[in-house]
$ cat model.txt   # compact mmCIF, C-alpha atoms
# COMPACT_ATOMS: atom_id res chain seq x y z
CA MET A 1 -53.26 -15.00 -42.55
CA PRO A 2 -54.17 -15.59 -38.90
CA PHE A 3 -56.10 -13.02 -36.92
CA GLN A 4 -53.76 -10.06 -36.82
CA TRP A 5 -53.35 -6.69 -35.21
CA THR A 6 -52.61 -3.88 -37.63
CA ALA A 7 -50.64 -1.04 -36.04
CA ALA A 8 -51.40 2.62 -36.59
CA PHE A 9 -50.39 4.03 -39.98
CA PRO A 10 -48.67 7.41 -40.39
CA TRP A 11 -50.97 8.19 -43.32
CA LYS A 12 -54.25 7.44 -41.56
CA ARG A 13 -55.36 10.93 -42.56
CA CYS A 14 -55.20 11.11 -46.34
CA PHE A 15 -55.88 13.87 -48.84
CA SER A 16 -58.01 13.74 -51.96
CA GLY A 17 -57.45 16.99 -53.83
CA ASN A 18 -57.77 19.67 -51.14
CA GLU A 19 -59.95 17.52 -48.89
CA GLU A 20 -58.59 15.74 -45.84
CA ARG A 21 -60.23 12.45 -44.92
CA ALA A 22 -59.93 10.32 -41.79
CA PHE A 23 -59.64 6.62 -42.61
CA ARG A 24 -60.29 3.52 -40.52
CA THR A 25 -58.74 0.08 -40.53
CA GLU A 26 -61.27 -2.61 -41.41
CA LEU A 27 -60.56 -6.33 -40.95
CA LYS A 28 -62.95 -9.07 -42.07
CA TYR A 29 -63.15 -12.78 -41.25
CA VAL A 30 -65.56 -15.46 -42.50
CA CYS A 31 -66.37 -17.60 -39.46
CA SER A 32 -68.49 -20.50 -38.32
CA GLU A 33 -71.30 -19.93 -35.84
CA GLY A 34 -69.21 -21.74 -33.22
CA GLU A 35 -66.28 -19.36 -33.71
CA LEU A 36 -68.56 -16.34 -33.47
CA GLN A 37 -70.09 -17.67 -30.27
CA GLN A 38 -66.64 -18.14 -28.72
CA ILE A 39 -65.59 -14.59 -29.55
CA LEU A 40 -68.96 -13.19 -28.47
CA ALA A 41 -68.60 -14.83 -25.05
CA ARG A 42 -65.10 -13.34 -24.66
CA ILE A 43 -65.86 -9.75 -25.65
CA ARG A 44 -69.29 -9.35 -24.04
CA PRO A 45 -67.77 -8.56 -20.59
CA LEU A 46 -65.32 -6.06 -22.18
CA CYS A 47 -67.33 -4.12 -24.78
CA ARG A 48 -70.75 -2.55 -24.64
CA PRO A 49 -73.46 -3.27 -27.21
CA ASP A 50 -74.22 -0.57 -29.73
CA SER A 51 -76.97 1.67 -28.36
CA HIS A 52 -79.16 1.22 -31.45
CA THR A 53 -79.74 -2.52 -30.99
CA ASP A 54 -82.99 -4.08 -29.79
CA GLU A 55 -83.47 -6.10 -26.61
CA THR A 56 -81.69 -9.07 -28.23
CA GLY A 57 -78.61 -6.97 -29.08
CA VAL A 58 -79.27 -7.14 -32.83
CA TYR A 59 -80.46 -4.86 -35.60
CA ARG A 60 -81.18 -5.63 -39.24
CA ILE A 61 -79.28 -3.78 -41.94
CA ARG A 62 -80.51 -3.43 -45.49
CA SER A 63 -78.62 -1.55 -48.22
CA VAL A 64 -79.21 -0.98 -51.90
CA TYR A 65 -75.99 -0.57 -53.91
CA PHE A 66 -75.53 1.40 -57.12
CA ASP A 67 -73.41 0.75 -60.18
CA ASP A 68 -73.17 2.07 -63.72
CA ARG A 69 -74.07 0.48 -67.05
CA ASP A 70 -70.59 -1.11 -67.29
CA ASN A 71 -70.70 -2.52 -63.74
CA THR A 72 -67.57 -0.53 -62.92
CA CYS A 73 -67.89 -0.89 -59.12
CA PHE A 74 -68.29 -4.65 -59.40
CA TYR A 75 -65.25 -5.12 -61.62
CA GLU A 76 -63.12 -2.69 -59.60
CA ASN A 77 -63.91 -4.79 -56.54
CA GLU A 78 -63.11 -8.00 -58.39
CA ASN A 79 -59.78 -6.63 -59.65
CA GLY A 80 -58.76 -4.96 -56.38
CA VAL A 81 -58.61 -1.45 -57.88
CA ASP A 82 -57.22 1.07 -55.37
CA PRO A 83 -58.64 3.55 -54.59
CA ARG A 84 -62.28 2.79 -55.30
CA GLU A 85 -65.69 4.07 -54.19
CA LYS A 86 -69.26 2.87 -54.20
CA PHE A 87 -72.60 4.41 -53.26
CA ARG A 88 -75.37 2.81 -51.26
CA ILE A 89 -78.59 3.74 -49.46
CA ARG A 90 -79.02 2.10 -46.05
CA ILE A 91 -81.94 1.52 -43.69
CA TYR A 92 -82.31 -0.31 -40.38
CA ASN A 93 -84.94 -2.83 -39.31
CA ALA A 94 -86.87 -2.30 -42.58
CA SER A 95 -87.89 1.15 -41.33
CA ASP A 96 -87.86 4.53 -43.08
CA HIS A 97 -87.15 6.28 -39.77
CA ARG A 98 -83.47 6.60 -40.68
CA ILE A 99 -82.39 6.54 -44.33
CA THR A 100 -78.82 7.43 -45.28
CA LEU A 101 -76.99 7.85 -48.55
CA GLU A 102 -73.40 6.66 -48.08
CA CYS A 103 -70.24 6.73 -50.17
CA LYS A 104 -67.65 4.22 -49.04
CA ARG A 105 -64.08 4.69 -50.24
CA LYS A 106 -61.32 2.10 -49.96
CA GLU A 107 -57.72 3.28 -50.21
CA ARG A 108 -54.47 1.53 -49.22
CA THR A 109 -56.43 -1.17 -47.31
CA LEU A 110 -58.19 1.54 -45.27
CA THR A 111 -61.78 2.78 -45.53
CA HIS A 112 -63.59 6.09 -45.28
CA LYS A 113 -67.34 6.68 -45.30
CA ASP A 114 -69.31 9.87 -46.02
CA SER A 115 -73.05 9.93 -45.36
CA CYS A 116 -76.08 12.20 -45.46
CA PRO A 117 -79.75 11.71 -44.56
CA LEU A 118 -82.48 11.13 -47.12
CA SER A 119 -86.25 11.40 -46.84
CA ARG A 120 -88.46 8.48 -47.85
CA ALA A 121 -89.63 10.52 -50.85
CA GLN A 122 -86.05 11.26 -51.96
CA CYS A 123 -85.10 7.60 -51.61
CA GLU A 124 -88.06 6.34 -53.62
CA GLU A 125 -87.41 8.91 -56.33
CA ILE A 126 -83.77 7.79 -56.63
CA LEU A 127 -84.73 4.10 -56.70
CA ALA A 128 -87.23 4.89 -59.47
CA GLY A 129 -84.40 6.30 -61.61
CA SER A 130 -84.96 10.03 -61.28
CA PHE A 131 -83.06 12.60 -59.27
CA PRO A 132 -83.91 16.22 -58.39
CA GLN A 133 -81.11 18.76 -58.42
CA PRO A 134 -79.60 18.82 -54.88
CA ARG A 135 -78.97 22.00 -52.92
CA GLU A 136 -75.56 23.66 -52.56
CA ASP A 137 -75.37 22.59 -48.90
CA GLN A 138 -75.64 18.89 -49.79
CA PRO A 139 -72.12 18.01 -51.06
CA LEU A 140 -72.49 14.22 -50.94
CA LEU A 141 -75.88 14.32 -52.62
CA ARG A 142 -74.42 16.63 -55.28
CA LYS A 143 -71.54 14.21 -55.86
CA PHE A 144 -73.99 11.33 -56.17
CA TYR A 145 -76.16 13.34 -58.53
CA ALA A 146 -73.16 14.12 -60.77
CA GLN A 147 -72.27 10.43 -61.07
CA PHE A 148 -75.94 9.48 -61.34
CA ALA A 149 -76.28 11.72 -64.37
CA LYS A 150 -72.84 11.26 -65.97
CA ASP A 151 -72.26 7.54 -65.39
CA VAL A 152 -75.91 6.47 -65.32
CA LEU A 153 -75.70 5.04 -61.81
CA ARG A 154 -78.68 2.82 -61.03
CA PRO A 155 -79.71 0.63 -58.07
CA LYS A 156 -78.43 -2.89 -58.68
CA VAL A 157 -78.82 -5.11 -55.62
CA ILE A 158 -80.22 -5.25 -52.09
CA VAL A 159 -77.82 -6.57 -49.44
CA ALA A 160 -79.38 -7.54 -46.10
CA TYR A 161 -78.15 -9.16 -42.89
CA GLU A 162 -78.52 -9.27 -39.11
CA ARG A 163 -75.82 -7.46 -37.13
CA THR A 164 -74.73 -7.89 -33.50
CA PRO A 165 -72.48 -4.85 -32.82
CA PHE A 166 -70.14 -3.99 -29.94
CA VAL A 167 -68.09 -0.85 -29.35
CA TYR A 168 -65.04 0.05 -27.28
CA PRO A 169 -64.12 3.75 -26.86
CA ALA A 170 -60.29 3.54 -26.92
CA GLY A 171 -59.31 3.38 -30.58
CA ASN A 172 -62.96 3.87 -31.56
CA VAL A 173 -63.22 0.10 -31.97
CA ARG A 174 -66.31 -1.49 -33.49
CA ILE A 175 -66.72 -5.28 -33.56
CA THR A 176 -69.67 -6.67 -35.49
CA PHE A 177 -71.09 -10.14 -36.05
CA ASP A 178 -73.03 -10.27 -39.35
CA ARG A 179 -75.30 -13.28 -39.84
CA ASN A 180 -77.72 -14.53 -42.50
CA ILE A 181 -76.38 -12.39 -45.35
CA GLY A 182 -78.75 -12.40 -48.31
CA SER A 183 -79.41 -10.50 -51.53
CA SER A 184 -82.16 -9.53 -53.93
CA SER A 185 -82.08 -7.85 -57.32
CA ASP A 186 -85.67 -6.63 -56.89
CA VAL A 187 -84.88 -3.15 -55.54
CA SER A 188 -88.59 -2.22 -55.64
CA ARG A 189 -88.95 -4.27 -52.42
CA PHE A 190 -86.36 -2.26 -50.49
CA PHE A 191 -88.84 -1.18 -47.80
CA ASP A 192 -90.71 -4.50 -47.57
CA GLN A 193 -90.69 -6.04 -44.11
CA ASP A 194 -89.49 -9.45 -45.31
CA PRO A 195 -88.44 -9.48 -48.98
CA PRO A 196 -87.29 -12.85 -50.37
CA LEU A 197 -83.50 -13.05 -50.15
CA ARG A 198 -80.91 -15.35 -51.69
CA PRO A 199 -78.35 -16.64 -49.15
CA VAL A 200 -74.79 -15.86 -50.31
CA LEU A 201 -72.78 -17.95 -47.83
CA PRO A 202 -73.03 -21.64 -46.94
CA THR A 203 -75.29 -22.48 -44.01
CA GLY A 204 -73.59 -21.69 -40.71
CA ARG A 205 -71.03 -19.28 -42.19
CA HIS A 206 -71.06 -15.64 -41.11
CA VAL A 207 -68.80 -12.58 -41.07
CA LEU A 208 -66.83 -10.96 -38.25
CA GLU A 209 -65.70 -7.36 -38.85
CA VAL A 210 -63.26 -5.38 -36.72
CA LYS A 211 -62.96 -1.62 -37.36
CA TYR A 212 -60.82 0.92 -35.54
CA ASP A 213 -59.08 4.28 -35.92
CA GLU A 214 -55.53 4.65 -34.63
CA PHE A 215 -55.10 1.33 -32.80
CA LEU A 216 -56.74 -1.90 -31.67
CA PRO A 217 -56.17 -2.48 -27.92
CA ASP A 218 -53.97 -5.50 -27.42
CA PHE A 219 -56.33 -7.21 -24.97
CA LEU A 220 -59.11 -7.15 -27.57
CA TYR A 221 -56.76 -8.66 -30.12
CA GLN A 222 -55.95 -11.41 -27.61
CA VAL A 223 -59.55 -12.32 -26.76
CA MET A 224 -60.50 -12.49 -30.47
CA ASN A 225 -57.49 -14.59 -31.44
CA LEU A 226 -58.81 -18.15 -31.74
CA GLY A 227 -55.81 -19.28 -33.77
CA SER A 228 -58.08 -20.39 -36.62
CA LEU A 229 -59.33 -17.12 -38.12
CA ARG A 230 -58.01 -16.00 -41.48
CA GLN A 231 -58.33 -12.45 -42.72
CA SER A 232 -60.47 -12.15 -45.83
CA GLY A 233 -61.09 -9.57 -48.52
CA PHE A 234 -64.79 -10.40 -48.19
CA SER A 235 -67.19 -7.94 -49.82
CA LYS A 236 -70.93 -8.33 -49.20
CA TYR A 237 -71.68 -6.22 -52.26
CA TYR A 238 -69.41 -8.22 -54.55
CA LEU A 239 -70.70 -11.60 -53.40
CA CYS A 240 -74.32 -10.49 -53.62
CA ARG A 241 -73.81 -9.35 -57.23
CA LYS A 242 -71.48 -12.12 -58.35
CA PHE A 243 -74.22 -14.37 -59.72
CA THR A 244 -76.32 -11.62 -61.31
CA VAL A 245 -73.77 -9.61 -63.37

$ encode --input "model.txt" --output "structure tokens"
Amino acid sequence: MPFQWTAAFPWKRCFSGNEERAFRTELKYVCSEGELQQILARIRPLCRPDSHTDETGVYRIRSVYFDDRDNTCFYENENGVDPREKFRIRIYNASDHRITLECKRKERTLTHKDSCPLSRAQCEEILAGSFPQPREDQPLLRKFYAQFAKDVLRPKVIVAYERTPFVYPAGNVRITFDRNIGSSSDVSRFFDQDPPLRPVLPTGRHVLEVKYDEFLPDFLYQVMNLGSLRQSGFSKYYLCRKFTV
């Protein structure tokens, strides 16, 4: 479908058991470099760059994703299972300065993400296939540990790309341009500065993502509407694993 504005949903705050979660709308579009440049020129005067970018307005994201022995996460993604969750560990600019364990949940076309910090030692221990018992005050790590032990979760693939992010306060809008998406099944090279990566999109094709809470301001919808964009169910994780499962 063409680029679209999704209105606020009455169930944007959902419950899982006794836990209330705040969900965000997440729209994805596979675009040419020319389309990204047009949108970038339009939103640059309206939105500020994310504060974590370098002097060029970019940072590099690298994540290692986990799955079980039956590749449940992969096949749930392929079959559109709802709801579904997957775990990943993420770093920025190939640095161990900030390492986060994240659990991303998709439910009714909306997304929710929980995260917690990890040390370099914890991360390397997990990637090596072992896992110390987490403390009581680490609920996400405890949840990961339970699945790690029960379902034999293991690191499966590295997903890496360059991100140009912009933010707009009203609606908590985040617009990101993700270029040069690549993958590697050699998770031992997670902290390497430049590990060899397999491109997963044709040359010149990239991903635009638009995320927001309660609403997307209409003027942002207008400046991003080129008339040619089509919403996609694109999943970096799925595409990066598609040729290795």

$ closest_residue --input "model.txt" --among "A:Arg163, A:Leu101, A:Asp96, A:Arg62" --to "Pro195 (chain A)" --atoms "all atoms listed in the file"
A:Arg62

$ residues_around --input "model.txt" --residues "Arg24 (chain A)" --least-positions-apart "2" --cutoff "7 Å" --atoms "all atoms listed in the file" --output "PyMOL selection string"
chain A and resi 22+26+110-112+211-213

$ residues_around --input "model.txt" --residues "Lys242 (chain A)" --least-positions-apart "5" --cutoff "10 Å" --atoms "only C-alpha atoms" --output "mmCIF file with C-alpha atoms, keeping the file's coordinate frame"
data_model
loop_
_atom_site.group_PDB
_atom_site.id
_atom_site.type_symbol
_atom_site.label_atom_id
_atom_site.label_comp_id
_atom_site.auth_asym_id
_atom_site.auth_seq_id
_atom_site.Cartn_x
_atom_site.Cartn_y
_atom_site.Cartn_z
ATOM 1 C CA PHE A 74 -68.290 -4.650 -59.400
ATOM 2 C CA TYR A 75 -65.250 -5.120 -61.620
ATOM 3 C CA GLU A 78 -63.110 -8.000 -58.390
ATOM 4 C CA VAL A 200 -74.790 -15.860 -50.310
ATOM 5 C CA LYS A 236 -70.930 -8.330 -49.200
ATOM 6 C CA TYR A 237 -71.680 -6.220 -52.260
#

$ atom_distance --input "model.txt" --atom1 "CA of Glu209 (chain A)" --atom2 "CA of Val30 (chain A)"
8.9 Å

$ residues_around --input "model.txt" --residues "Ala94 (chain A)" --least-positions-apart "5" --cutoff "12 Å" --atoms "only C-alpha atoms" --output "VMD selection string"
chain A and resid 59 to 63 99 158 160 to 162 189 to 195

$ atom_distance --input "model.txt" --atom1 "CA of Phe166 (chain A)" --atom2 "CA of Arg84 (chain A)"
27.4 Å

$ closest_residue --input "model.txt" --among "A:Cys31, A:Phe219, A:Cys47, A:Lys113" --to "Arg179 (chain A)" --atoms "all atoms listed in the file"
A:Cys31

$ closest_residue --input "model.txt" --among "A:Ser228, A:Thr109, A:Gln38, A:Gln138" --to "Pro83 (chain A)" --atoms "all atoms listed in the file"
A:Thr109

$ build_atoms --input "model.txt" --residues "region 52-70 of chain A" --atoms "N, CA, C and O atoms" --output "CSV table (one decimal), in the coordinates of the input"
chain,number,residue,atom,x,y,z
A,52,HIS,N,-78.0,1.3,-30.5
A,52,HIS,CA,-79.2,1.2,-31.4
A,52,HIS,C,-79.8,-0.2,-31.6
A,52,HIS,O,-80.7,-0.4,-32.3
A,53,THR,N,-79.2,-1.2,-30.9
A,53,THR,CA,-79.7,-2.5,-31.0
A,53,THR,C,-81.0,-2.7,-30.2
A,53,THR,O,-81.4,-1.9,-29.3
A,54,ASP,N,-81.8,-3.8,-30.5
A,54,ASP,CA,-83.0,-4.1,-29.8
A,54,ASP,C,-82.7,-4.9,-28.5
A,54,ASP,O,-81.5,-5.0,-28.2
A,55,GLU,N,-83.7,-5.4,-27.9
A,55,GLU,CA,-83.5,-6.1,-26.6
A,55,GLU,C,-82.6,-7.4,-26.8
A,55,GLU,O,-82.1,-7.9,-25.8
A,56,THR,N,-82.5,-7.9,-28.0
A,56,THR,CA,-81.7,-9.1,-28.2
A,56,THR,C,-80.3,-8.7,-28.6
A,56,THR,O,-79.4,-9.6,-28.8
A,57,GLY,N,-80.0,-7.4,-28.7
A,57,GLY,CA,-78.6,-7.0,-29.1
A,57,GLY,C,-78.3,-7.0,-30.6
A,57,GLY,O,-77.2,-7.0,-31.0
A,58,VAL,N,-79.4,-7.0,-31.4
A,58,VAL,CA,-79.3,-7.1,-32.8
A,58,VAL,C,-80.0,-6.0,-33.5
A,58,VAL,O,-81.0,-5.5,-33.0
A,59,TYR,N,-79.6,-5.6,-34.7
A,59,TYR,CA,-80.5,-4.9,-35.6
A,59,TYR,C,-80.2,-5.4,-37.0
A,59,TYR,O,-79.2,-6.1,-37.3
A,60,ARG,N,-81.2,-5.2,-37.9
A,60,ARG,CA,-81.2,-5.6,-39.2
A,60,ARG,C,-80.8,-4.5,-40.2
A,60,ARG,O,-81.3,-3.4,-40.1
A,61,ILE,N,-79.8,-4.8,-41.0
A,61,ILE,CA,-79.3,-3.8,-41.9
A,61,ILE,C,-79.7,-4.2,-43.3
A,61,ILE,O,-79.7,-5.4,-43.7
A,62,ARG,N,-80.2,-3.2,-44.1
A,62,ARG,CA,-80.5,-3.4,-45.5
A,62,ARG,C,-80.0,-2.3,-46.3
A,62,ARG,O,-80.2,-1.1,-46.0
A,63,SER,N,-79.2,-2.6,-47.4
A,63,SER,CA,-78.6,-1.6,-48.2
A,63,SER,C,-78.9,-1.9,-49.7
A,63,SER,O,-79.0,-3.0,-50.1
A,64,VAL,N,-79.1,-0.8,-50.5
A,64,VAL,CA,-79.2,-1.0,-51.9
A,64,VAL,C,-78.0,-0.3,-52.5
A,64,VAL,O,-77.7,0.8,-52.2
A,65,TYR,N,-77.2,-1.0,-53.3
A,65,TYR,CA,-76.0,-0.6,-53.9
A,65,TYR,C,-76.2,-0.1,-55.4
A,65,TYR,O,-77.1,-0.7,-56.1
A,66,PHE,N,-75.4,0.8,-55.8
A,66,PHE,CA,-75.5,1.4,-57.1
A,66,PHE,C,-74.3,1.1,-57.9
A,66,PHE,O,-73.2,0.9,-57.4
A,67,ASP,N,-74.5,0.9,-59.2
A,67,ASP,CA,-73.4,0.8,-60.2
A,67,ASP,C,-73.8,1.3,-61.5
A,67,ASP,O,-75.0,1.6,-61.7
A,68,ASP,N,-72.9,1.5,-62.4
A,68,ASP,CA,-73.2,2.1,-63.7
A,68,ASP,C,-73.5,1.0,-64.7
A,68,ASP,O,-73.5,-0.2,-64.4
A,69,ARG,N,-73.7,1.4,-66.0
A,69,ARG,CA,-74.1,0.5,-67.0
A,69,ARG,C,-73.0,-0.5,-67.4
A,69,ARG,O,-73.3,-1.6,-67.9
A,70,ASP,N,-71.7,-0.2,-67.0
A,70,ASP,CA,-70.6,-1.1,-67.3
A,70,ASP,C,-70.2,-1.9,-66.0
A,70,ASP,O,-69.2,-2.6,-66.1
